[in-house]
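Report on the structure given below.
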Amino acid sequence: MNTLFGNFFKKANTGFWPVLIALAFLLIGTFSVYQSPRSLAAFLILMSTPLILYFMKMNMKVKVFIGLMLIVIILPVLGIRNIFYLEVIFQMAVFAALALGLNIVIGMAGLLDLGYVAFYAVGAYSWAIFGSKQLSLLYSVPGAAPADAPFALDPRWFWLFLFLGVGLAAITGILLGLPVLRLKGDYLAIVTLGFGEVIRVLALNLDKPINLTNGPQGITPIQRPPLPPESILQFFRDILEPFVGHVPTDAEFYNVFFYFLALIIIAIAILVATRLEDSRIGRAWTAIREDETAAIAMGIPLVKMKLAAFAAGASFAGAMGALYAANRTFVSPETFSFLQSIGVLTMVILGGLGSIPGVIFGAAAVVLLNIQILQNFSLYLSELRQSDAVIPIINFAWKDLSNQLDPAKYQKLVFGLILILMMIFRPSGLIPAERRKRELVEEKE
Amino acid sequence: MTLLNTTNVVKRFGGLVAVNKMTFSVDEGRIVSIIGPNGAGKTTFFNSLTGIYKPEEGQITFKGQSLIGLRPDQVAATGIARTFQNIRLFGSMTVIENILVGMHIQLKQGGLDTIFRTRKFNQEENDAEQRAKDLMEYVGLKNVGNELARNLPYGGQRRIEIARALAANPTLLLLDEPTAGMNPNESEDAIKLFRRIRDDKGITILMIEHDMRVVMGISEHISVMDYGEKIAEGSPAEIRSNQRVIEAYLGRGAAVAHEQKA
Ligand SMILES: Nc1ncnc2c1ncn2[C@@H]1O[C@H](COP(=O)(O)OP(=O)(O)O)[C@@H](O)[C@H]1O
Ligand SMILES: [Mg+2]
């Protein structure tokens, strides 16, 4: 079975076939999503295109061209027709950046960090506090805010905070790193887990003595950076109207805007991660992961390099945190729970520890599973419940199915299952890490 | 000229004195061996030199500078490179990458150079890669640059470890039982390689070795350890006929028998 598929793949992966297949998926996917914007299958077909581009042999220029078509034109247009898709991709990008950052810490440097989401929180709260009215509410009780409180900063400060979020998260990474560097393996995992909870609990409780985080209610509204000038928007409205069937609203433009912002950040994250990996720094991280004693004997300063790994990993989360705060216009401690850290860990392990394409794929797959597949399944079950359908042989009426059985609520179970199954059957992930091959001059003998 | 000098170095593990008052020196440009029965404290002595263990007492100077209190990476930066008794490679990195890690101290690229791929970065990486390939050839590794280190046979792994140590351009190379597990042919090659390293590169070699043919064949000076102490030192000929050494190796009874036969 496996070899049959392998042979087929080999045949299909030559000549002009790959381009044809990629185009076929792109066009069929586009057309079917356009026709039935709610169909999961249609969306999956379309989202297979990037995988085909990644795995099949074709001219680099063709790959880039098809990829750009999908990202820059097709997805935004389809996304305006059905906002949900932009949301899915936005989340994929956010989590892919988190997974890339966590991959530096766990995958490359081998430091098991279970509190990673804390850095995401630092980025998110840094813009949430300064980009909302919170600074004018420091001395008021949560919930009792005067309605006319002013925003502290102009929304354009967001751009600065995108960088500040990176910096603050990196500093937090170093602060976390300093006390835990002596710890290894399980001990490190437990302390970082605790640290993640500390940050969440801080967010939860820093509503007194001064109200910095507004406690469990969270901070809202958070400002968004302004959209491009009206003249440009008008231009796009005119172009897009015939394709999407209505005049795109500002809210829809905001979705496209954040979609592109997330893509730009993820592109930078990929670039930085790949370049770090293939350098003195990345090699030092991997050496530490493989054998600390040998690494230090080669002159690698363990403390400095581990701190660098924490800082670099954290910075990715910081940027995405700030972006997330602006996108949602709302942050609350709940978003930064332990489960979220485990979610990112699941993505990294599912995709392939240490594998950059792997963890991106892992993030995309888990997000899809979480917010689409499980939701769809829940929806399907609840439809069955409302119907008169009966399971034949055992004579079980769907009506009687407990409401507790809601797959969308089984996130933890699914994460756990993924982690266990991966550990048993594919410990190196769906797209395992590969070392870069260098050109070698063949020995002439 | 003395390159490495230790005085009264003591390393204890709880009640066990693993290294006891080791006073020892290595002259520049020599090939020097430490021998002694298993558990004599040889590896512990190496670990004390390289900062992996902190000796409780004693002085260690290298090129006239004290090594006491330095971390292993700082010791490495002074020009001491080493291999390990149980090979310690970075198994899931390629052979070339292992050697590149050995160049960590010399490479000057910073984080920003790395992210922006500056000219400096590219130049340095190209040079480093070339040097790594040259080193592979130098130690006799052929066409395995892109293999994962863990996939190489034992002899190959030993060679990688030596190439990785050489990549640091050390003044002093410490080899911990470098020919353990090799067959006579491989040991022969290894001896030739060590000689070349000293002769072409001028690197001083201090090695722990069990194989007497290797020790006697290559060493210019030998120190013998037993129960953490240095019990003898001298030229190979002197060591071969030293009573205490024979006792340490063969046990007292055997030593007496040996004497009677002689
Ligand atoms: N980390 C350690 N902790 C406790 N005892 C150790 C440790 N390392 C070595 N020893 C003990 O110190 C003694 C010397 O060991 P070692 O230096 O490895 O000997 P050699 O290399 O000469 O065979 C042995 O008795 C060994 O059990
Ligand atoms: Mg030993």
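Residue names in the structure tokens use chain letters A, B, ... in the order shown, residue numbers from 1 in each chain, and ligand numbers from 1 in the order shown.
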List the neighbours of Thr346 (chain A) out to 7 Å using only C-alpha atoms; skip same-chain residues closer than 4 positions along the sequence, and give me the result as a PDB file with all heavy atoms, in the first residue's frame.
```
ATOM      1  N   ILE A 342       0.463  23.923  26.028  1.00  0.00           N
ATOM      2  CA  ILE A 342       0.453  22.534  25.587  1.00  0.00           C
ATOM      3  C   ILE A 342       0.016  22.462  24.121  1.00  0.00           C
ATOM      4  O   ILE A 342       0.521  21.653  23.344  1.00  0.00           O
ATOM      5  CB  ILE A 342      -0.511  21.698  26.458  1.00  0.00           C
ATOM      6  CG1 ILE A 342       0.026  21.650  27.887  1.00  0.00           C
ATOM      7  CG2 ILE A 342      -0.659  20.290  25.923  1.00  0.00           C
ATOM      8  CD1 ILE A 342       1.357  20.965  28.018  1.00  0.00           C
ATOM      9  N   LEU A 350       3.792  17.409  16.735  1.00  0.00           N
ATOM     10  CA  LEU A 350       3.088  16.833  15.600  1.00  0.00           C
ATOM     11  C   LEU A 350       3.854  17.104  14.307  1.00  0.00           C
ATOM     12  O   LEU A 350       4.066  16.218  13.486  1.00  0.00           O
ATOM     13  CB  LEU A 350       1.679  17.433  15.495  1.00  0.00           C
ATOM     14  CG  LEU A 350       0.852  17.020  14.291  1.00  0.00           C
ATOM     15  CD1 LEU A 350       0.414  15.574  14.437  1.00  0.00           C
ATOM     16  CD2 LEU A 350      -0.367  17.906  14.118  1.00  0.00           C
ATOM     17  N   PHE A 415      -5.471  16.926  22.012  1.00  0.00           N
ATOM     18  CA  PHE A 415      -4.037  17.231  22.170  1.00  0.00           C
ATOM     19  C   PHE A 415      -3.312  16.035  22.779  1.00  0.00           C
ATOM     20  O   PHE A 415      -2.255  15.623  22.308  1.00  0.00           O
ATOM     21  CB  PHE A 415      -3.838  18.434  23.099  1.00  0.00           C
ATOM     22  CG  PHE A 415      -4.158  19.746  22.455  1.00  0.00           C
ATOM     23  CD1 PHE A 415      -4.171  20.914  23.209  1.00  0.00           C
ATOM     24  CD2 PHE A 415      -4.439  19.829  21.099  1.00  0.00           C
ATOM     25  CE1 PHE A 415      -4.470  22.132  22.628  1.00  0.00           C
ATOM     26  CE2 PHE A 415      -4.742  21.041  20.513  1.00  0.00           C
ATOM     27  CZ  PHE A 415      -4.761  22.195  21.284  1.00  0.00           C
ATOM     28  N   LEU A 419      -0.332  13.811  21.067  1.00  0.00           N
ATOM     29  CA  LEU A 419       0.996  13.674  21.671  1.00  0.00           C
ATOM     30  C   LEU A 419       1.358  12.204  21.865  1.00  0.00           C
ATOM     31  O   LEU A 419       2.454  11.772  21.512  1.00  0.00           O
ATOM     32  CB  LEU A 419       1.055  14.415  23.009  1.00  0.00           C
ATOM     33  CG  LEU A 419       1.125  15.939  22.890  1.00  0.00           C
ATOM     34  CD1 LEU A 419       1.057  16.604  24.254  1.00  0.00           C
ATOM     35  CD2 LEU A 419       2.400  16.356  22.180  1.00  0.00           C
TER      36      LEU A 419
END
```
Applying 10 Å and only C-alpha atoms, which residues near region 118-121 of chain B remain after dropping the ones on its own chain fewer than 5 positions away? List them as a PDB file with all heavy atoms, in the first residue's frame.
```pdb
ATOM      1  N   SER A 279      23.698  28.524  11.351  1.00  0.00           N
ATOM      2  CA  SER A 279      24.742  29.485  11.690  1.00  0.00           C
ATOM      3  C   SER A 279      25.462  28.979  12.923  1.00  0.00           C
ATOM      4  O   SER A 279      25.092  27.957  13.507  1.00  0.00           O
ATOM      5  CB  SER A 279      24.133  30.852  12.009  1.00  0.00           C
ATOM      6  OG  SER A 279      23.548  30.822  13.296  1.00  0.00           O
ATOM      7  N   ARG A 280      26.465  29.737  13.331  1.00  0.00           N
ATOM      8  CA  ARG A 280      27.207  29.379  14.544  1.00  0.00           C
ATOM      9  C   ARG A 280      26.259  29.259  15.730  1.00  0.00           C
ATOM     10  O   ARG A 280      26.361  28.332  16.533  1.00  0.00           O
ATOM     11  CB  ARG A 280      28.231  30.477  14.792  1.00  0.00           C
ATOM     12  CG  ARG A 280      28.943  30.431  16.102  1.00  0.00           C
ATOM     13  CD  ARG A 280      29.901  31.623  16.149  1.00  0.00           C
ATOM     14  NE  ARG A 280      30.704  31.666  17.343  1.00  0.00           N
ATOM     15  CZ  ARG A 280      30.469  32.494  18.359  1.00  0.00           C
ATOM     16  NH1 ARG A 280      29.424  33.294  18.326  1.00  0.00           N
ATOM     17  NH2 ARG A 280      31.271  32.510  19.390  1.00  0.00           N
TER      18      ARG A 280
ATOM     19  N   LEU B 107      34.844  31.575  15.314  1.00  0.00           N
ATOM     20  CA  LEU B 107      33.889  32.265  14.453  1.00  0.00           C
ATOM     21  C   LEU B 107      33.392  33.516  15.172  1.00  0.00           C
ATOM     22  O   LEU B 107      33.082  33.483  16.360  1.00  0.00           O
ATOM     23  CB  LEU B 107      32.719  31.354  14.093  1.00  0.00           C
ATOM     24  CG  LEU B 107      33.111  30.093  13.324  1.00  0.00           C
ATOM     25  CD1 LEU B 107      31.868  29.314  12.910  1.00  0.00           C
ATOM     26  CD2 LEU B 107      33.939  30.422  12.097  1.00  0.00           C
ATOM     27  N   LYS B 108      33.329  34.616  14.427  1.00  0.00           N
ATOM     28  CA  LYS B 108      33.021  35.895  15.072  1.00  0.00           C
ATOM     29  C   LYS B 108      31.633  36.423  14.715  1.00  0.00           C
ATOM     30  O   LYS B 108      31.232  37.484  15.168  1.00  0.00           O
ATOM     31  CB  LYS B 108      34.076  36.952  14.667  1.00  0.00           C
ATOM     32  CG  LYS B 108      35.475  36.615  15.136  1.00  0.00           C
ATOM     33  CD  LYS B 108      35.579  36.593  16.665  1.00  0.00           C
ATOM     34  CE  LYS B 108      36.946  36.081  17.114  1.00  0.00           C
ATOM     35  NZ  LYS B 108      36.854  35.067  18.169  1.00  0.00           N
ATOM     36  N   GLN B 109      30.896  35.713  13.862  1.00  0.00           N
ATOM     37  CA  GLN B 109      29.584  36.195  13.430  1.00  0.00           C
ATOM     38  C   GLN B 109      28.646  36.406  14.621  1.00  0.00           C
ATOM     39  O   GLN B 109      28.554  35.577  15.507  1.00  0.00           O
ATOM     40  CB  GLN B 109      28.965  35.180  12.475  1.00  0.00           C
ATOM     41  CG  GLN B 109      29.057  33.772  13.030  1.00  0.00           C
ATOM     42  CD  GLN B 109      28.536  32.719  12.072  1.00  0.00           C
ATOM     43  OE1 GLN B 109      27.367  32.399  12.084  1.00  0.00           O
ATOM     44  NE2 GLN B 109      29.419  32.195  11.256  1.00  0.00           N
ATOM     45  N   GLY B 110      27.947  37.534  14.625  1.00  0.00           N
ATOM     46  CA  GLY B 110      27.007  37.801  15.703  1.00  0.00           C
ATOM     47  C   GLY B 110      25.585  37.519  15.248  1.00  0.00           C
ATOM     48  O   GLY B 110      25.354  37.102  14.107  1.00  0.00           O
ATOM     49  N   GLY B 111      24.629  37.766  16.144  1.00  0.00           N
ATOM     50  CA  GLY B 111      23.225  37.523  15.824  1.00  0.00           C
ATOM     51  C   GLY B 111      22.753  38.330  14.625  1.00  0.00           C
ATOM     52  O   GLY B 111      22.066  37.809  13.747  1.00  0.00           O
ATOM     53  N   LEU B 112      23.132  39.593  14.573  1.00  0.00           N
ATOM     54  CA  LEU B 112      22.664  40.430  13.462  1.00  0.00           C
ATOM     55  C   LEU B 112      23.302  40.004  12.142  1.00  0.00           C
ATOM     56  O   LEU B 112      22.643  39.975  11.104  1.00  0.00           O
ATOM     57  CB  LEU B 112      22.953  41.908  13.747  1.00  0.00           C
ATOM     58  CG  LEU B 112      22.104  42.482  14.880  1.00  0.00           C
ATOM     59  CD1 LEU B 112      22.417  43.956  15.094  1.00  0.00           C
ATOM     60  CD2 LEU B 112      20.612  42.313  14.572  1.00  0.00           C
ATOM     61  N   ASP B 113      24.593  39.675  12.181  1.00  0.00           N
ATOM     62  CA  ASP B 113      25.238  39.152  10.962  1.00  0.00           C
ATOM     63  C   ASP B 113      24.456  37.952  10.456  1.00  0.00           C
ATOM     64  O   ASP B 113      24.249  37.777   9.259  1.00  0.00           O
ATOM     65  CB  ASP B 113      26.666  38.676  11.258  1.00  0.00           C
ATOM     66  CG  ASP B 113      27.572  39.829  11.660  1.00  0.00           C
ATOM     67  OD1 ASP B 113      27.497  40.874  11.006  1.00  0.00           O
ATOM     68  OD2 ASP B 113      28.328  39.673  12.640  1.00  0.00           O
ATOM     69  N   ASN B 126      31.758  30.383   4.562  1.00  0.00           N
ATOM     70  CA  ASN B 126      32.424  29.681   3.461  1.00  0.00           C
ATOM     71  C   ASN B 126      33.803  29.198   3.865  1.00  0.00           C
ATOM     72  O   ASN B 126      34.171  28.054   3.607  1.00  0.00           O
ATOM     73  CB  ASN B 126      32.555  30.602   2.238  1.00  0.00           C
ATOM     74  CG  ASN B 126      31.227  30.729   1.518  1.00  0.00           C
ATOM     75  OD1 ASN B 126      30.344  29.884   1.693  1.00  0.00           O
ATOM     76  ND2 ASN B 126      31.069  31.779   0.742  1.00  0.00           N
ATOM     77  N   ASP B 127      34.546  30.102   4.518  1.00  0.00           N
ATOM     78  CA  ASP B 127      35.891  29.714   4.947  1.00  0.00           C
ATOM     79  C   ASP B 127      35.820  28.553   5.934  1.00  0.00           C
ATOM     80  O   ASP B 127      36.601  27.606   5.847  1.00  0.00           O
ATOM     81  CB  ASP B 127      36.598  30.898   5.612  1.00  0.00           C
ATOM     82  CG  ASP B 127      36.893  32.002   4.607  1.00  0.00           C
ATOM     83  OD1 ASP B 127      36.705  31.747   3.396  1.00  0.00           O
ATOM     84  OD2 ASP B 127      37.279  33.104   5.036  1.00  0.00           O
TER      85      ASP B 127
END
```
Q | Contacts of region 4-15 of chain A within 10 Å, only C-alpha atoms, excl. fewer than 2 positions in-chain, as a ChimeraX atom specification | A | /A:1-2,17-21,55-58
Find the residues in chain B near chain A: any atom within 9 Å counts, using only C-alpha atoms. Write them as an mmCIF file with N, CA and C atoms, in the first residue's frame.
```cif
data_model
loop_
_atom_site.group_PDB
_atom_site.id
_atom_site.type_symbol
_atom_site.label_atom_id
_atom_site.label_comp_id
_atom_site.auth_asym_id
_atom_site.auth_seq_id
_atom_site.Cartn_x
_atom_site.Cartn_y
_atom_site.Cartn_z
ATOM 1 N N THR B 50 40.185 20.485 32.415
ATOM 2 C CA THR B 50 39.353 21.205 31.456
ATOM 3 C C THR B 50 38.186 21.925 32.114
ATOM 4 N N GLY B 51 38.142 21.927 33.442
ATOM 5 C CA GLY B 51 37.118 22.732 34.113
ATOM 6 C C GLY B 51 35.796 22.014 34.303
ATOM 7 N N ILE B 52 35.702 20.752 33.833
ATOM 8 C CA ILE B 52 34.442 20.029 34.020
ATOM 9 C C ILE B 52 34.266 19.713 35.504
ATOM 10 N N ARG B 71 35.435 28.208 33.645
ATOM 11 C CA ARG B 71 34.452 27.240 33.157
ATOM 12 C C ARG B 71 35.051 26.474 31.984
ATOM 13 N N PRO B 72 34.495 25.309 31.658
ATOM 14 C CA PRO B 72 35.057 24.520 30.559
ATOM 15 C C PRO B 72 35.162 25.301 29.249
ATOM 16 N N ASP B 73 34.146 26.145 28.954
ATOM 17 C CA ASP B 73 34.224 26.883 27.695
ATOM 18 C C ASP B 73 35.363 27.901 27.734
ATOM 19 N N GLN B 74 35.632 28.441 28.939
ATOM 20 C CA GLN B 74 36.738 29.392 29.049
ATOM 21 C C GLN B 74 38.076 28.677 28.928
ATOM 22 N N VAL B 75 38.141 27.474 29.494
ATOM 23 C CA VAL B 75 39.364 26.688 29.345
ATOM 24 C C VAL B 75 39.597 26.393 27.865
ATOM 25 N N ALA B 76 38.523 26.012 27.172
ATOM 26 C CA ALA B 76 38.653 25.722 25.743
ATOM 27 C C ALA B 76 39.191 26.937 25.007
ATOM 28 N N ALA B 77 38.726 28.121 25.419
ATOM 29 C CA ALA B 77 39.150 29.338 24.728
ATOM 30 C C ALA B 77 40.624 29.646 24.939
ATOM 31 N N ILE B 80 42.829 24.742 24.731
ATOM 32 C CA ILE B 80 42.862 23.308 25.046
ATOM 33 C C ILE B 80 41.641 22.640 24.416
ATOM 34 N N ALA B 81 41.874 21.666 23.566
ATOM 35 C CA ALA B 81 40.756 20.922 22.979
ATOM 36 C C ALA B 81 40.879 19.479 23.419
ATOM 37 N N ARG B 82 39.753 18.758 23.407
ATOM 38 C CA ARG B 82 39.835 17.395 23.919
ATOM 39 C C ARG B 82 38.892 16.452 23.186
ATOM 40 N N THR B 83 39.149 15.172 23.372
ATOM 41 C CA THR B 83 38.191 14.147 22.964
ATOM 42 C C THR B 83 37.796 13.395 24.230
ATOM 43 N N PHE B 84 36.793 12.533 24.102
ATOM 44 C CA PHE B 84 36.275 11.862 25.291
ATOM 45 C C PHE B 84 36.488 10.358 25.208
ATOM 46 N N ARG B 88 31.812 11.375 22.370
ATOM 47 C CA ARG B 88 30.681 12.279 22.588
ATOM 48 C C ARG B 88 30.548 13.181 21.383
ATOM 49 N N LEU B 89 29.838 12.689 20.379
ATOM 50 C CA LEU B 89 29.603 13.507 19.193
ATOM 51 C C LEU B 89 28.220 14.111 19.287
ATOM 52 N N PHE B 90 27.933 15.046 18.407
ATOM 53 C CA PHE B 90 26.580 15.581 18.287
ATOM 54 C C PHE B 90 25.892 14.713 17.239
ATOM 55 N N GLY B 91 25.278 13.617 17.730
ATOM 56 C CA GLY B 91 24.871 12.518 16.870
ATOM 57 C C GLY B 91 23.952 12.886 15.735
ATOM 58 N N SER B 92 22.987 13.790 15.968
ATOM 59 C CA SER B 92 22.069 14.058 14.863
ATOM 60 C C SER B 92 22.461 15.302 14.078
ATOM 61 N N MET B 93 23.728 15.689 14.203
ATOM 62 C CA MET B 93 24.238 16.710 13.288
ATOM 63 C C MET B 93 25.146 16.012 12.274
ATOM 64 N N THR B 94 25.343 16.653 11.120
ATOM 65 C CA THR B 94 26.199 16.016 10.122
ATOM 66 C C THR B 94 27.658 16.097 10.572
ATOM 67 N N ILE B 96 30.173 17.371 8.972
ATOM 68 C CA ILE B 96 30.707 18.729 8.786
ATOM 69 C C ILE B 96 30.244 19.652 9.901
ATOM 70 N N GLU B 97 28.976 19.543 10.264
ATOM 71 C CA GLU B 97 28.467 20.420 11.327
ATOM 72 C C GLU B 97 29.173 20.161 12.657
ATOM 73 N N ASN B 98 29.461 18.886 12.941
ATOM 74 C CA ASN B 98 30.213 18.591 14.154
ATOM 75 C C ASN B 98 31.530 19.340 14.164
ATOM 76 N N LEU B 100 32.240 22.018 12.447
ATOM 77 C CA LEU B 100 31.974 23.457 12.540
ATOM 78 C C LEU B 100 31.719 23.886 13.994
ATOM 79 N N VAL B 101 31.056 23.018 14.754
ATOM 80 C CA VAL B 101 30.840 23.357 16.165
ATOM 81 C C VAL B 101 32.191 23.517 16.866
ATOM 82 N N GLY B 102 33.153 22.698 16.449
ATOM 83 C CA GLY B 102 34.492 22.820 17.027
ATOM 84 C C GLY B 102 35.115 24.186 16.795
ATOM 85 N N MET B 103 34.646 24.901 15.765
ATOM 86 C CA MET B 103 35.203 26.225 15.460
ATOM 87 C C MET B 103 34.486 27.342 16.199
ATOM 88 N N HIS B 104 33.602 26.981 17.103
ATOM 89 C CA HIS B 104 32.758 27.985 17.758
ATOM 90 C C HIS B 104 33.548 29.193 18.260
ATOM 91 N N ILE B 105 34.678 28.929 18.894
ATOM 92 C CA ILE B 105 35.421 30.028 19.514
ATOM 93 C C ILE B 105 35.972 30.993 18.461
ATOM 94 N N LEU B 107 34.844 31.575 15.314
ATOM 95 C CA LEU B 107 33.889 32.265 14.453
ATOM 96 C C LEU B 107 33.392 33.516 15.172
ATOM 97 N N LYS B 108 33.329 34.616 14.427
ATOM 98 C CA LYS B 108 33.021 35.895 15.072
ATOM 99 C C LYS B 108 31.633 36.423 14.715
ATOM 100 N N GLN B 109 30.896 35.713 13.862
ATOM 101 C CA GLN B 109 29.584 36.195 13.430
ATOM 102 C C GLN B 109 28.646 36.406 14.621
ATOM 103 N N GLY B 110 27.947 37.534 14.625
ATOM 104 C CA GLY B 110 27.007 37.801 15.703
ATOM 105 C C GLY B 110 25.585 37.519 15.248
ATOM 106 N N GLY B 111 24.629 37.766 16.144
ATOM 107 C CA GLY B 111 23.225 37.523 15.824
ATOM 108 C C GLY B 111 22.753 38.330 14.625
ATOM 109 N N THR B 114 24.042 37.110 11.417
ATOM 110 C CA THR B 114 23.360 35.875 11.049
ATOM 111 C C THR B 114 22.011 36.176 10.407
ATOM 112 N N ILE B 115 21.240 37.078 11.019
ATOM 113 C CA ILE B 115 19.901 37.340 10.514
ATOM 114 C C ILE B 115 19.949 38.082 9.189
ATOM 115 N N PHE B 116 20.899 38.993 9.049
ATOM 116 C CA PHE B 116 20.954 39.762 7.797
ATOM 117 C C PHE B 116 21.897 39.149 6.772
ATOM 118 N N ARG B 117 22.509 38.051 7.113
ATOM 119 C CA ARG B 117 23.432 37.378 6.190
ATOM 120 C C ARG B 117 24.406 38.378 5.578
ATOM 121 N N PHE B 121 29.390 37.470 7.348
ATOM 122 C CA PHE B 121 28.839 36.169 7.694
ATOM 123 C C PHE B 121 29.123 35.156 6.604
ATOM 124 N N GLU B 125 31.400 31.839 6.934
ATOM 125 C CA GLU B 125 30.819 30.502 6.806
ATOM 126 C C GLU B 125 31.498 29.713 5.693
ATOM 127 N N GLU B 129 33.505 26.313 6.288
ATOM 128 C CA GLU B 129 33.116 25.072 5.621
ATOM 129 C C GLU B 129 34.317 24.464 4.900
ATOM 130 N N LYS B 133 36.094 20.838 5.630
ATOM 131 C CA LYS B 133 36.352 19.799 4.627
ATOM 132 C C LYS B 133 37.825 19.411 4.623
ATOM 133 N N LYS B 142 36.344 10.290 4.324
ATOM 134 C CA LYS B 142 36.058 10.547 2.912
ATOM 135 C C LYS B 142 34.569 10.458 2.617
ATOM 136 N N ASN B 143 34.053 11.449 1.906
ATOM 137 C CA ASN B 143 32.673 11.401 1.397
ATOM 138 C C ASN B 143 31.604 11.155 2.447
ATOM 139 N N VAL B 144 31.845 11.619 3.659
ATOM 140 C CA VAL B 144 30.823 11.404 4.681
ATOM 141 C C VAL B 144 30.362 12.726 5.292
ATOM 142 N N GLY B 145 30.768 13.832 4.679
ATOM 143 C CA GLY B 145 30.477 15.146 5.254
ATOM 144 C C GLY B 145 29.024 15.365 5.594
ATOM 145 N N ASN B 146 28.115 14.828 4.763
ATOM 146 C CA ASN B 146 26.689 15.065 4.983
ATOM 147 C C ASN B 146 25.993 13.957 5.764
ATOM 148 N N GLU B 147 26.769 12.949 6.164
ATOM 149 C CA GLU B 147 26.165 11.886 6.970
ATOM 150 C C GLU B 147 25.941 12.393 8.392
ATOM 151 N N LEU B 148 24.924 11.855 9.048
ATOM 152 C CA LEU B 148 24.781 12.154 10.468
ATOM 153 C C LEU B 148 25.902 11.443 11.221
ATOM 154 N N ARG B 164 37.016 17.479 15.092
ATOM 155 C CA ARG B 164 36.275 18.521 15.803
ATOM 156 C C ARG B 164 37.186 19.241 16.802
ATOM 157 N N ALA B 165 38.043 18.460 17.471
ATOM 158 C CA ALA B 165 38.962 19.085 18.424
ATOM 159 C C ALA B 165 39.987 19.942 17.686
ATOM 160 N N ALA B 168 39.277 23.625 16.588
ATOM 161 C CA ALA B 168 39.418 24.742 17.519
ATOM 162 C C ALA B 168 40.818 25.350 17.465
#
```
**Q.** Contacts to ligand 1 at 10 Å cut-off (only C-alpha atoms and all ligand atoms) as a PyMOL selection string
**A.** chain B and resi 11-19+34-48+52-53+85+176-177+208-210+225-228
**Q.** Near-Arg240 (chain B) list (12 Å; only C-alpha atoms; drop same-chain fewer than 4 positions) as a ChimeraX atom specification
**A.** /B:35,212-213,215-216,221-224,232-236,244-247,249
**Q.** 12 Å contact set for Ile264 (chain A), only C-alpha atoms, chain neighbours under 5 positions out, as JSON, numbers by chain
**A.** {"A": [71, 72, 90, 93, 94, 97, 257, 258, 259, 269, 270, 271, 319, 320, 323]}
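The set of residues in region 186-410 of chain A assigned to strand (DSSP E or B) by DSSP, using only backbone atoms of this structure, is A:Ile219, A:Val331, A:Val390, A:Ile391, A:Phe396, A:Ala397.
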For the selection just defined, write its residues with all heavy atoms to a file, as a short mmCIF file (atom, residue, chain, number, x, y, z; two decimals), in the first residue's frame.
```cif
data_model
loop_
_atom_site.label_atom_id
_atom_site.label_comp_id
_atom_site.auth_asym_id
_atom_site.auth_seq_id
_atom_site.Cartn_x
_atom_site.Cartn_y
_atom_site.Cartn_z
N ILE A 219 -8.83 43.33 29.30
CA ILE A 219 -8.78 44.71 28.83
C ILE A 219 -9.48 44.82 27.48
O ILE A 219 -9.21 44.05 26.56
CB ILE A 219 -7.32 45.18 28.68
CG1 ILE A 219 -6.63 45.15 30.04
CG2 ILE A 219 -7.28 46.58 28.09
CD1 ILE A 219 -5.17 45.52 29.99
N VAL A 331 -7.98 41.43 25.47
CA VAL A 331 -7.17 40.34 26.02
C VAL A 331 -7.67 40.02 27.42
O VAL A 331 -8.14 40.91 28.13
CB VAL A 331 -5.66 40.66 26.13
CG1 VAL A 331 -5.05 40.92 24.78
CG2 VAL A 331 -5.40 41.81 27.08
N VAL A 390 -31.81 7.24 13.79
CA VAL A 390 -31.56 6.21 14.78
C VAL A 390 -30.38 5.39 14.29
O VAL A 390 -30.25 5.13 13.10
CB VAL A 390 -32.80 5.30 14.91
CG1 VAL A 390 -32.47 4.07 15.75
CG2 VAL A 390 -33.96 6.08 15.50
N ILE A 391 -29.47 5.01 15.19
CA ILE A 391 -28.40 4.11 14.77
C ILE A 391 -29.03 2.74 14.62
O ILE A 391 -29.60 2.22 15.59
CB ILE A 391 -27.27 4.04 15.80
CG1 ILE A 391 -26.70 5.45 16.01
CG2 ILE A 391 -26.17 3.09 15.34
CD1 ILE A 391 -25.57 5.50 17.00
N PHE A 396 -30.26 3.01 18.64
CA PHE A 396 -29.99 4.16 19.49
C PHE A 396 -30.43 5.43 18.77
O PHE A 396 -30.02 5.70 17.65
CB PHE A 396 -28.49 4.21 19.80
CG PHE A 396 -28.10 5.39 20.65
CD1 PHE A 396 -28.29 5.36 22.03
CD2 PHE A 396 -27.54 6.52 20.08
CE1 PHE A 396 -27.92 6.43 22.81
CE2 PHE A 396 -27.18 7.59 20.87
CZ PHE A 396 -27.36 7.55 22.24
N ALA A 397 -31.30 6.16 19.40
CA ALA A 397 -31.76 7.40 18.78
C ALA A 397 -30.77 8.52 19.06
O ALA A 397 -30.36 8.72 20.20
CB ALA A 397 -33.13 7.78 19.32
#
```
Q) How many Å lie between CA of Ile31 (chain B) and CA of Thr171 (chain B), rounded to one decimal? A) 12.3 Å
